[in-house]
$ cat work18.tsv   # TSV, C-alpha atoms and all ligand atoms
chain	number	residue	atom	x	y	z
N	1	MET	CA	0.00	0.00	0.00
N	2	THR	CA	1.30	3.47	-0.86
N	3	GLN	CA	1.64	5.93	1.98
N	4	THR	CA	1.06	9.66	1.96
N	5	HIS	CA	0.74	12.39	4.55
N	6	PHE	CA	-2.29	13.79	6.28
N	7	GLY	CA	-0.77	16.79	8.04
N	8	TYR	CA	2.21	15.32	9.93
N	9	GLU	CA	0.68	11.83	10.05
N	10	THR	CA	1.64	9.14	7.57
N	11	VAL	CA	-1.50	7.44	6.28
N	12	ASP	CA	-2.49	4.97	3.61
N	13	GLU	CA	-3.17	6.78	0.33
N	14	ASN	CA	-6.69	5.37	0.20
N	15	ASP	CA	-7.39	6.84	3.61
N	16	LYS	CA	-6.36	10.44	2.96
N	17	ALA	CA	-9.47	11.50	1.00
N	18	ARG	CA	-11.70	10.10	3.79
N	19	ARG	CA	-9.76	12.00	6.46
N	20	VAL	CA	-9.91	15.24	4.41
N	21	ARG	CA	-13.66	14.74	3.95
N	22	GLY	CA	-13.98	14.42	7.74
N	23	VAL	CA	-12.26	17.78	8.20
N	24	PHE	CA	-14.55	19.65	5.81
N	25	ASP	CA	-17.72	17.85	6.96
N	26	SER	CA	-16.85	19.04	10.43
N	27	VAL	CA	-16.10	22.69	9.61
N	28	ALA	CA	-18.50	23.42	6.69
N	29	SER	CA	-21.15	25.35	8.63
N	30	LYS	CA	-18.58	27.61	10.36
N	31	TYR	CA	-16.06	27.71	7.49
N	32	ASP	CA	-16.61	31.33	6.44
N	33	LEU	CA	-16.66	32.66	9.99
N	34	MET	CA	-13.44	30.80	10.79
N	35	ASN	CA	-11.73	32.14	7.66
N	36	ASP	CA	-12.48	35.69	8.76
N	37	LEU	CA	-11.38	35.05	12.34
N	38	MET	CA	-8.20	33.14	11.50
N	39	SER	CA	-6.96	35.54	8.86
N	40	GLY	CA	-8.34	38.75	10.36
N	41	GLY	CA	-10.27	39.15	7.09
N	42	LEU	CA	-7.08	38.90	5.00
N	43	HIS	CA	-8.40	35.94	3.00
N	44	ARG	CA	-10.78	38.41	1.33
N	45	ALA	CA	-7.84	40.48	0.08
N	46	TRP	CA	-5.95	37.37	-1.09
N	47	LYS	CA	-9.01	36.24	-3.05
N	48	ALA	CA	-9.68	39.74	-4.41
N	49	TYR	CA	-6.11	39.80	-5.75
N	50	ALA	CA	-6.68	36.42	-7.44
N	51	VAL	CA	-9.92	37.69	-9.00
N	52	MET	CA	-8.15	40.82	-10.22
N	53	LEU	CA	-5.34	38.81	-11.80
N	54	ALA	CA	-7.83	36.35	-13.32
N	55	ASN	CA	-9.32	39.24	-15.28
N	56	VAL	CA	-12.35	37.18	-16.31
N	57	ARG	CA	-14.22	38.74	-19.20
N	58	GLN	CA	-17.85	38.55	-20.33
N	59	GLY	CA	-18.62	35.26	-22.04
N	60	GLN	CA	-15.65	33.29	-20.65
N	61	ARG	CA	-15.86	29.76	-19.29
N	62	VAL	CA	-14.48	29.33	-15.78
N	63	LEU	CA	-14.11	26.24	-13.58
N	64	ASP	CA	-13.65	26.71	-9.83
N	65	ILE	CA	-12.21	23.52	-8.32
N	66	ALA	CA	-12.46	22.79	-4.58
N	67	GLY	CA	-14.70	25.84	-4.62
N	68	GLY	CA	-16.11	25.23	-1.14
N	69	THR	CA	-18.39	28.01	-0.03
N	70	GLY	CA	-18.10	29.78	-3.37
N	71	ASP	CA	-16.16	33.04	-2.84
N	72	LEU	CA	-14.29	32.81	-6.14
N	73	ALA	CA	-17.16	31.29	-8.11
N	74	LEU	CA	-19.40	34.20	-7.09
N	75	ALA	CA	-16.81	36.83	-8.05
N	76	PHE	CA	-16.13	35.11	-11.39
N	77	ALA	CA	-19.87	34.78	-12.16
N	78	ARG	CA	-20.26	38.55	-11.81
N	79	LYS	CA	-17.42	39.09	-14.30
N	80	ALA	CA	-18.39	36.38	-16.82
N	81	GLY	CA	-21.99	37.66	-17.02
N	82	GLY	CA	-24.98	35.91	-18.55
N	83	SER	CA	-23.10	34.89	-21.68
N	84	GLY	CA	-20.34	33.21	-19.66
N	85	GLN	CA	-20.26	29.97	-17.75
N	86	VAL	CA	-18.90	29.50	-14.23
N	87	VAL	CA	-18.97	25.99	-12.75
N	88	HIS	CA	-18.68	25.63	-8.99
N	89	THR	CA	-17.24	22.27	-7.92
N	90	ASP	CA	-15.97	20.51	-4.82
N	91	ILE	CA	-15.54	16.92	-3.65
N	92	ASN	CA	-17.38	17.64	-0.42
N	93	GLU	CA	-21.17	17.89	-0.47
N	94	ALA	CA	-21.45	19.76	2.84
N	95	MET	CA	-19.11	22.49	1.56
N	96	LEU	CA	-20.90	22.64	-1.81
N	97	ARG	CA	-24.31	22.89	-0.13
N	98	THR	CA	-23.14	25.75	2.10
N	99	GLY	CA	-21.68	27.45	-0.98
N	100	ARG	CA	-24.79	26.96	-3.08
N	101	ASP	CA	-26.94	28.51	-0.32
N	102	ARG	CA	-24.62	31.53	-0.17
N	103	LEU	CA	-24.72	31.93	-3.95
N	104	LEU	CA	-28.53	31.73	-3.89
N	105	ASP	CA	-28.62	34.37	-1.14
N	106	ALA	CA	-26.53	36.57	-3.46
N	107	GLY	CA	-29.06	35.95	-6.26
N	108	VAL	CA	-26.68	33.79	-8.32
N	109	ILE	CA	-27.47	30.30	-9.60
N	110	LEU	CA	-24.50	28.34	-10.91
N	111	PRO	CA	-24.03	24.77	-12.07
N	112	THR	CA	-22.72	22.99	-8.98
N	113	VAL	CA	-20.91	19.69	-9.45
N	114	ALA	CA	-19.62	17.31	-6.78
N	115	CYS	CA	-16.38	15.91	-8.19
N	116	ASP	CA	-12.83	14.93	-7.40
N	117	ALA	CA	-10.20	17.24	-8.91
N	118	GLU	CA	-8.17	14.17	-9.76
N	119	LYS	CA	-10.92	12.91	-12.13
N	120	LEU	CA	-12.77	15.88	-13.56
N	121	PRO	CA	-16.04	15.08	-15.37
N	122	PHE	CA	-15.51	17.76	-18.04
N	123	GLU	CA	-14.46	17.64	-21.67
N	124	SER	CA	-10.91	18.53	-22.67
N	125	ASN	CA	-9.92	22.01	-23.93
N	126	HIS	CA	-13.12	23.63	-22.65
N	127	PHE	CA	-12.37	26.33	-20.05
N	128	ASP	CA	-10.63	29.70	-20.39
N	129	LEU	CA	-9.71	29.74	-16.71
N	130	VAL	CA	-9.47	27.16	-13.93
N	131	SER	CA	-9.04	28.18	-10.30
N	132	VAL	CA	-8.24	26.26	-7.15
N	133	SER	CA	-8.12	28.26	-3.96
N	134	PHE	CA	-6.82	26.66	-0.74
N	135	GLY	CA	-7.73	23.25	-2.20
N	136	LEU	CA	-4.64	21.73	-3.83
N	137	ARG	CA	-2.94	21.21	-0.44
N	138	ASN	CA	-5.65	18.70	0.48
N	139	MET	CA	-5.40	16.56	-2.63
N	140	THR	CA	-3.72	13.15	-2.49
N	141	HIS	CA	-2.20	13.16	-5.99
N	142	LYS	CA	-1.44	16.81	-6.74
N	143	ASP	CA	0.28	15.86	-10.01
N	144	ALA	CA	-2.81	14.03	-11.27
N	145	ALA	CA	-5.06	16.92	-10.23
N	146	LEU	CA	-2.84	19.44	-12.05
N	147	ARG	CA	-2.86	17.27	-15.17
N	148	GLU	CA	-6.65	17.18	-15.05
N	149	MET	CA	-6.77	20.97	-14.67
N	150	ALA	CA	-4.49	21.31	-17.71
N	151	ARG	CA	-6.61	18.84	-19.69
N	152	VAL	CA	-9.88	20.78	-19.27
N	153	LEU	CA	-8.26	24.14	-20.08
N	154	LYS	CA	-8.15	25.44	-23.64
N	155	PRO	CA	-4.61	25.69	-25.00
N	156	GLY	CA	-3.31	29.03	-23.72
N	157	GLY	CA	-5.88	28.98	-20.88
N	158	ARG	CA	-4.77	29.85	-17.36
N	159	LEU	CA	-4.76	28.02	-14.04
N	160	LEU	CA	-4.78	30.06	-10.82
N	161	VAL	CA	-3.63	28.25	-7.69
N	162	LEU	CA	-4.12	30.28	-4.52
N	163	GLU	CA	-2.59	28.40	-1.61
N	164	PHE	CA	-0.74	28.75	1.68
N	165	SER	CA	2.97	28.70	1.07
N	166	GLN	CA	6.32	29.21	2.77
N	167	VAL	CA	6.53	32.40	4.83
N	168	ALA	CA	9.62	34.59	4.76
N	169	GLN	CA	12.27	33.63	7.36
N	170	PRO	CA	11.79	36.62	9.73
N	171	LEU	CA	8.09	35.80	10.13
N	172	ARG	CA	8.46	32.06	10.73
N	173	LYS	CA	8.70	31.97	14.54
N	174	LEU	CA	5.67	34.16	15.01
N	175	TYR	CA	3.74	32.33	12.30
N	176	ASP	CA	4.50	28.93	13.89
N	177	LEU	CA	3.44	30.21	17.28
N	178	TYR	CA	0.17	31.44	15.85
N	179	SER	CA	-0.47	28.32	13.74
N	180	PHE	CA	0.18	25.70	16.40
N	181	ASN	CA	-1.07	27.53	19.49
N	182	VAL	CA	-3.76	30.00	18.51
N	183	LEU	CA	-5.42	28.26	15.53
N	184	PRO	CA	-6.36	24.95	17.20
N	185	ARG	CA	-7.71	26.85	20.24
N	186	LEU	CA	-9.77	29.14	18.02
N	187	GLY	CA	-11.00	26.07	16.14
N	188	ARG	CA	-12.09	24.39	19.37
N	189	LEU	CA	-13.85	27.54	20.56
N	190	VAL	CA	-15.80	28.24	17.37
N	191	THR	CA	-16.36	24.80	15.81
N	192	GLY	CA	-15.69	22.47	18.75
N	193	ASP	CA	-12.96	20.89	16.60
N	194	ALA	CA	-9.29	21.63	17.35
N	195	ASP	CA	-7.95	18.72	15.25
N	196	SER	CA	-9.14	20.13	11.91
N	197	TYR	CA	-7.24	23.34	12.57
N	198	ARG	CA	-4.15	21.42	13.70
N	199	TYR	CA	-4.41	19.60	10.35
N	200	LEU	CA	-4.60	22.99	8.61
N	201	ALA	CA	-1.35	24.15	10.23
N	202	GLU	CA	0.42	20.86	9.52
N	203	SER	CA	-0.82	20.50	5.94
N	204	ILE	CA	0.54	23.98	5.15
N	205	ARG	CA	4.02	22.86	6.23
N	206	MET	CA	3.77	19.68	4.13
N	207	HIS	CA	2.69	21.53	0.97
N	208	PRO	CA	5.32	22.27	-1.71
N	209	ASN	CA	6.83	25.76	-1.30
N	210	GLN	CA	6.64	28.44	-4.01
N	211	GLN	CA	9.45	27.07	-6.17
N	212	ALA	CA	8.48	23.43	-5.74
N	213	LEU	CA	4.87	24.11	-6.72
N	214	LYS	CA	6.03	26.08	-9.75
N	215	ALA	CA	8.16	23.07	-10.81
N	216	LEU	CA	5.25	20.68	-10.20
N	217	MET	CA	2.98	22.79	-12.41
N	218	LYS	CA	5.61	22.93	-15.14
N	219	ASP	CA	5.94	19.13	-15.02
N	220	ASN	CA	2.20	18.65	-15.33
N	221	GLY	CA	0.99	20.55	-18.36
N	222	PHE	CA	1.83	24.21	-17.78
N	223	GLY	CA	4.36	25.92	-20.06
N	224	HIS	CA	4.81	29.19	-18.25
N	225	VAL	CA	4.32	29.53	-14.49
N	226	ASP	CA	4.70	32.62	-12.29
N	227	PHE	CA	3.93	33.18	-8.65
N	228	HIS	CA	3.07	36.20	-6.53
N	229	ASN	CA	3.58	36.15	-2.76
N	230	SER	CA	1.16	37.89	-0.41
N	231	THR	CA	1.59	38.69	3.29
N	232	GLY	CA	5.24	37.67	3.34
N	233	GLY	CA	4.59	34.34	1.64
N	234	VAL	CA	1.77	33.24	3.95
N	235	VAL	CA	0.00	32.65	0.67
N	236	ALA	CA	1.18	32.50	-2.93
N	237	LEU	CA	-0.81	32.82	-6.10
N	238	HIS	CA	0.60	30.67	-8.90
N	239	VAL	CA	-0.51	31.39	-12.45
N	240	GLY	CA	0.15	28.70	-15.04
N	241	ILE	CA	-0.51	28.89	-18.76
N	242	LYS	CA	-1.44	25.65	-20.49
N	243	CYS	CA	1.02	24.68	-23.22
N	244	GLU	CA	-0.36	25.44	-26.70
G	301	LIG	N1	-11.98	27.35	-2.38
G	301	LIG	C1	-12.61	27.64	-1.12
G	301	LIG	C2	-11.96	28.83	-0.48
G	301	LIG	O1	-10.95	29.32	-1.00
G	301	LIG	O2	-12.47	29.30	0.55
G	301	LIG	C3	-12.60	26.41	-0.21
G	301	LIG	C4	-11.23	25.96	0.25
G	301	LIG	S1	-11.29	24.70	1.49
G	301	LIG	C5	-9.95	25.12	2.52
G	301	LIG	C6	-10.65	23.32	0.66
G	301	LIG	C7	-11.66	22.58	-0.18
G	301	LIG	O3	-10.99	21.59	-0.97
G	301	LIG	C8	-12.71	21.83	0.62
G	301	LIG	O4	-13.99	22.32	0.30
G	301	LIG	C9	-12.52	20.37	0.21
G	301	LIG	O5	-13.70	19.63	0.19
G	301	LIG	C10	-11.90	20.54	-1.17
G	301	LIG	N2	-11.18	19.35	-1.66
G	301	LIG	C11	-10.31	18.59	-0.99
G	301	LIG	N3	-9.86	17.57	-1.76
G	301	LIG	C12	-10.47	17.71	-2.96
G	301	LIG	C13	-10.43	16.99	-4.19
G	301	LIG	N4	-9.66	15.91	-4.33
G	301	LIG	N5	-11.18	17.41	-5.22
G	301	LIG	C14	-11.97	18.51	-5.09
G	301	LIG	N6	-12.06	19.24	-3.95
G	301	LIG	C15	-11.31	18.85	-2.90

$ encode --input "work18.tsv" --output "structure tokens" --more "lines below"
Ligand code: SAM
Amino acid sequence: MTQTHFGYETVDENDKARRVRGVFDSVASKYDLMNDLMSGGLHRAWKAYAVMLANVRQGQRVLDIAGGTGDLALAFARKAGGSGQVVHTDINEAMLRTGRDRLLDAGVILPTVACDAEKLPFESNHFDLVSVSFGLRNMTHKDAALREMARVLKPGGRLLVLEFSQVAQPLRKLYDLYSFNVLPRLGRLVTGDADSYRYLAESIRMHPNQQALKALMKDNGFGHVDFHNSTGGVVALHVGIKCE
């Protein structure tokens, strides 16, 4: 059996998706509140930057993978307009349901598809833009997921990966202190679940850093890849262009 990591734990590959599902089943109803509390609202700025860089235009086709509660899908839908198509997807039904309710409250109805990023149920060469925000870190086979993202993009189409990354050296001590002491306590207080937020902190450390993710994207279907750090590297936005 092949082993992988779930945070700092080594687990059977077949078990990782189940453990990740457990995390998001547990936090779905409080996910948005926790994002605001944990990041002091900064996640909104990180996402706004991604939306700005995405520069979605009227009529474009956009796929949001691991879309969760729908922040990016909603922003893209407003840009793509009635002639465009934005598809909101996630592997987790509880997250998708919470997202769909939020989109409905905002007066937006989007196609919502429950699917695994590693096996996307979409035709090849279809989308102008694919996004995955804070989702790639949780995937068991990141290479397979990236290849799928490349497959469904039109040649020359762009992938945006917004993800936690490696913070700059001077911030590391403080960031570790916050991640391993404050986050799990906040998680317990708000959601009754400290373990999911311990997993968050650990999974960030196990995720490829800026350069490693860039190399992984280049090896899996993307010709040109750039990244932009935010908040001292707490997050990085990678932009990959599918090879023509
Ligand atoms: N994109 C949203 C955001 O930025 O707020 C949600 C991010 S949330 C931290 C991570 C999401 O990744 C969860 O909703 C989870 O269900 C989803 N996810 C994890 N593994 C996945 C997979 N293999 N395929 C699709 N989605 C996955």

$ residues_around --input "work18.tsv" --residues "segment 166-180 of chain N" --least-positions-apart "3" --cutoff "6 Å" --atoms "all atoms listed in the file" --output "PyMOL selection string"
chain N and resi 183+201+209+232-234

$ residues_around --input "work18.tsv" --residues "Lys154 of chain N" --least-positions-apart "4" --cutoff "7 Å" --atoms "all atoms listed in the file" --output "number ranges by chain"
N: 125-128

$ atom_distance --input "work18.tsv" --atom1 "atom CA of Cys243 of chain N" --atom2 "atom CA of Lys79 of chain N"
25.0 Å

$ residues_near_ligand --input "work18.tsv" --ligand "ligand LIG 301 (chain G)" --cutoff "9 Å" --atoms "all atoms listed in the file" --output "PyMOL selection string"
chain N and resi 17+20-21+23-25+28+31-32+35+43+47+64-73+89-96+114-120+131-142+145+162-163+200

$ residues_around --input "work18.tsv" --residues "Arg57 of chain N" --least-positions-apart "2" --cutoff "7 Å" --atoms "all atoms listed in the file" --output "list in words"
Asn55, Gly59, Gln60, Lys79 and Ala80 of chain N

$ write_last_selection --input "work18.tsv" --atoms "C-alpha atoms" --output "compact mmCIF listing (two decimals), in the frame of the given file"
# COMPACT_ATOMS: atom_id res chain seq x y z
CA ASN N 55 -9.32 39.24 -15.28
CA GLY N 59 -18.62 35.26 -22.04
CA GLN N 60 -15.65 33.29 -20.65
CA LYS N 79 -17.42 39.09 -14.30
CA ALA N 80 -18.39 36.38 -16.82

$ residues_around --input "work18.tsv" --residues "Ile241 of chain N" --least-positions-apart "6" --cutoff "12 Å" --atoms "all atoms listed in the file" --output "ChimeraX atom specification"
/N:54,128-130,146,149-151,153-161,214,217-218,220-227

$ build_atoms --input "work18.tsv" --residues "segment 43-66 of chain N" --atoms "N, CA and C atoms" --output "short mmCIF file (atom, residue, chain, number, x, y, z; two decimals), keeping the file's coordinate frame"
data_model
loop_
_atom_site.label_atom_id
_atom_site.label_comp_id
_atom_site.auth_asym_id
_atom_site.auth_seq_id
_atom_site.Cartn_x
_atom_site.Cartn_y
_atom_site.Cartn_z
N HIS N 43 -8.11 36.86 4.11
CA HIS N 43 -8.40 35.94 3.00
C HIS N 43 -9.23 36.65 1.92
N ARG N 44 -9.98 37.66 2.33
CA ARG N 44 -10.78 38.41 1.33
C ARG N 44 -9.85 39.17 0.38
N ALA N 45 -8.79 39.74 0.93
CA ALA N 45 -7.84 40.48 0.08
C ALA N 45 -7.06 39.51 -0.81
N TRP N 46 -6.68 38.35 -0.27
CA TRP N 46 -5.95 37.37 -1.09
C TRP N 46 -6.82 36.93 -2.28
N LYS N 47 -8.10 36.69 -1.98
CA LYS N 47 -9.01 36.24 -3.05
C LYS N 47 -9.28 37.38 -4.03
N ALA N 48 -9.43 38.60 -3.51
CA ALA N 48 -9.68 39.74 -4.41
C ALA N 48 -8.51 39.92 -5.38
N TYR N 49 -7.30 39.70 -4.88
CA TYR N 49 -6.11 39.80 -5.75
C TYR N 49 -6.17 38.73 -6.84
N ALA N 50 -6.57 37.51 -6.45
CA ALA N 50 -6.68 36.42 -7.44
C ALA N 50 -7.73 36.78 -8.49
N VAL N 51 -8.84 37.34 -8.06
CA VAL N 51 -9.92 37.69 -9.00
C VAL N 51 -9.44 38.79 -9.94
N MET N 52 -8.67 39.73 -9.37
CA MET N 52 -8.15 40.82 -10.22
C MET N 52 -7.21 40.25 -11.29
N LEU N 53 -6.31 39.39 -10.85
CA LEU N 53 -5.34 38.81 -11.80
C LEU N 53 -6.02 37.91 -12.83
N ALA N 54 -7.11 37.26 -12.41
CA ALA N 54 -7.83 36.35 -13.32
C ALA N 54 -8.40 37.13 -14.50
N ASN N 55 -8.83 38.36 -14.23
CA ASN N 55 -9.32 39.24 -15.28
C ASN N 55 -10.34 38.53 -16.19
N VAL N 56 -11.33 37.90 -15.54
CA VAL N 56 -12.35 37.18 -16.31
C VAL N 56 -13.18 38.18 -17.10
N ARG N 57 -13.44 37.84 -18.35
CA ARG N 57 -14.22 38.74 -19.20
C ARG N 57 -15.57 38.11 -19.55
N GLN N 58 -16.51 38.98 -19.93
CA GLN N 58 -17.85 38.55 -20.33
C GLN N 58 -17.75 37.38 -21.31
N GLY N 59 -18.54 36.36 -21.08
CA GLY N 59 -18.62 35.26 -22.04
C GLY N 59 -17.60 34.15 -21.80
N GLN N 60 -16.69 34.33 -20.84
CA GLN N 60 -15.65 33.29 -20.65
C GLN N 60 -16.19 32.11 -19.85
N ARG N 61 -15.50 30.98 -20.02
CA ARG N 61 -15.86 29.76 -19.29
C ARG N 61 -14.84 29.53 -18.17
N VAL N 62 -15.35 29.43 -16.95
CA VAL N 62 -14.48 29.33 -15.78
C VAL N 62 -14.87 28.12 -14.94
N LEU N 63 -13.87 27.38 -14.47
CA LEU N 63 -14.11 26.24 -13.58
C LEU N 63 -13.44 26.52 -12.25
N ASP N 64 -14.23 26.55 -11.16
CA ASP N 64 -13.65 26.71 -9.83
C ASP N 64 -13.62 25.35 -9.14
N ILE N 65 -12.41 24.85 -8.91
CA ILE N 65 -12.21 23.52 -8.32
C ILE N 65 -12.02 23.67 -6.81
N ALA N 66 -12.54 22.71 -6.05
CA ALA N 66 -12.46 22.79 -4.58
C ALA N 66 -13.04 24.13 -4.14
#
